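Asker: Structure below; questions to follow.
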Amino acid sequence: MRALLQVLTALTLLAYPVAVYFGLNYLPTGTIALVLCVLLIVRLMLQKQKVKTLVLPLLVGIALTAGSYLAKRSDWLLYYPVVINLTMLALFSYSLHTGPCMIERLARLKEPDLPDEAIPYLKKVTLLWCGLFILNGSMAAYTAGFTSLATWTLYNGLIAYVLMGLLLGGEWLYRSFWLKKT
């Protein structure tokens, strides 16, 4: 049951923009805020401090969804992608200052004995991710404050994921083919 709840809450959070769009358009007022709040609480309970850095965005998400429900302000639901991007930016940029950088940490999961020559490259990739989080966070804030719900959903539910996929895939291709030739 725990595994099923983890998968359900993970998928819901991944599809958060689409859930908000459909909830605000097709459910009674406040319903989607309450449903998302409950799912975030369940996700927080399942987390059990495994990844401490994920606790803050969950708590902020709970505050946004609960506040949205209580204040009857559906626009508050639109700011959760901003919170996620700010959290990821903070994590990645903090890792650049404290070391090892986030991408190095992830790379070491697969290759624990990385050569020293790889470290500057991995820092540059971490910087690229920071730039993407700045772009996505800025666009998430802009679409939440100044565009229609459809535009917000399009950017936060599709375009942001495509950009992340392009960076992930592009970096992998670069590393796999061109970087190994040098």
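Labeling convention for the structure tokens: chains A, B, ... as they appear, residues from 1 per chain, ligands from 1 in order of appearance.
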Write out as a list in words the residues lying within 12 Å of Leu70 in chain A, counting only C-alpha atoms and excluding same-chain residues fewer than 3 positions away.

Answerer: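 Answer for this query is Thr29, Gly30, Thr31, Ala33, Leu34, Cys37, Ile62, Ala63, Leu64, Thr65, Ala66, Gly67, Arg73, Ser74 and Trp76 of chain A.
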
Asker: Keeping C-alpha atoms for every residue in the selection just given, could you write it to a file as a compact mmCIF listing (two decimals), in the first residue's frame?

Answerer:
```txt
# COMPACT_ATOMS: atom_id res chain seq x y z
CA THR A 29 -14.48 25.52 -6.15
CA GLY A 30 -11.75 24.54 -3.71
CA THR A 31 -11.90 20.82 -4.45
CA ALA A 33 -6.84 22.65 -3.55
CA LEU A 34 -8.12 20.25 -0.90
CA CYS A 37 -3.22 19.44 -0.04
CA ILE A 62 0.82 22.24 1.78
CA ALA A 63 0.67 25.88 2.91
CA LEU A 64 -0.21 27.08 -0.61
CA THR A 65 -2.90 24.46 -1.18
CA ALA A 66 -4.39 24.72 2.31
CA GLY A 67 -4.26 28.53 2.15
CA ARG A 73 -7.95 31.84 -3.69
CA SER A 74 -7.29 29.43 -6.53
CA TRP A 76 -2.24 30.53 -4.98
```

Asker: Set the distance at 10 Å and use only C-alpha atoms: which residues neighbour Asn156 in chain A once local chain neighbours fewer than 2 positions away are removed? I'd like the list as number ranges by chain.

Answerer: A: 15-18, 78, 80-82, 136-137, 139-140, 143-144, 150-154, 158-162

Asker: What does the distance from CA of Leu89 in chain A to CA of Trp129 in chain A come to in Å, to one decimal?

Answerer: 7.9 Å

Asker: At a cut-off of 10 Å, using only C-alpha atoms, what residues contact Ile32 in chain A? Leave out same-chain residues fewer than 2 positions from it and give the result as a VMD selection string.

Answerer: chain A and resid 19 to 30 34 to 38 65 68 to 69 74 77
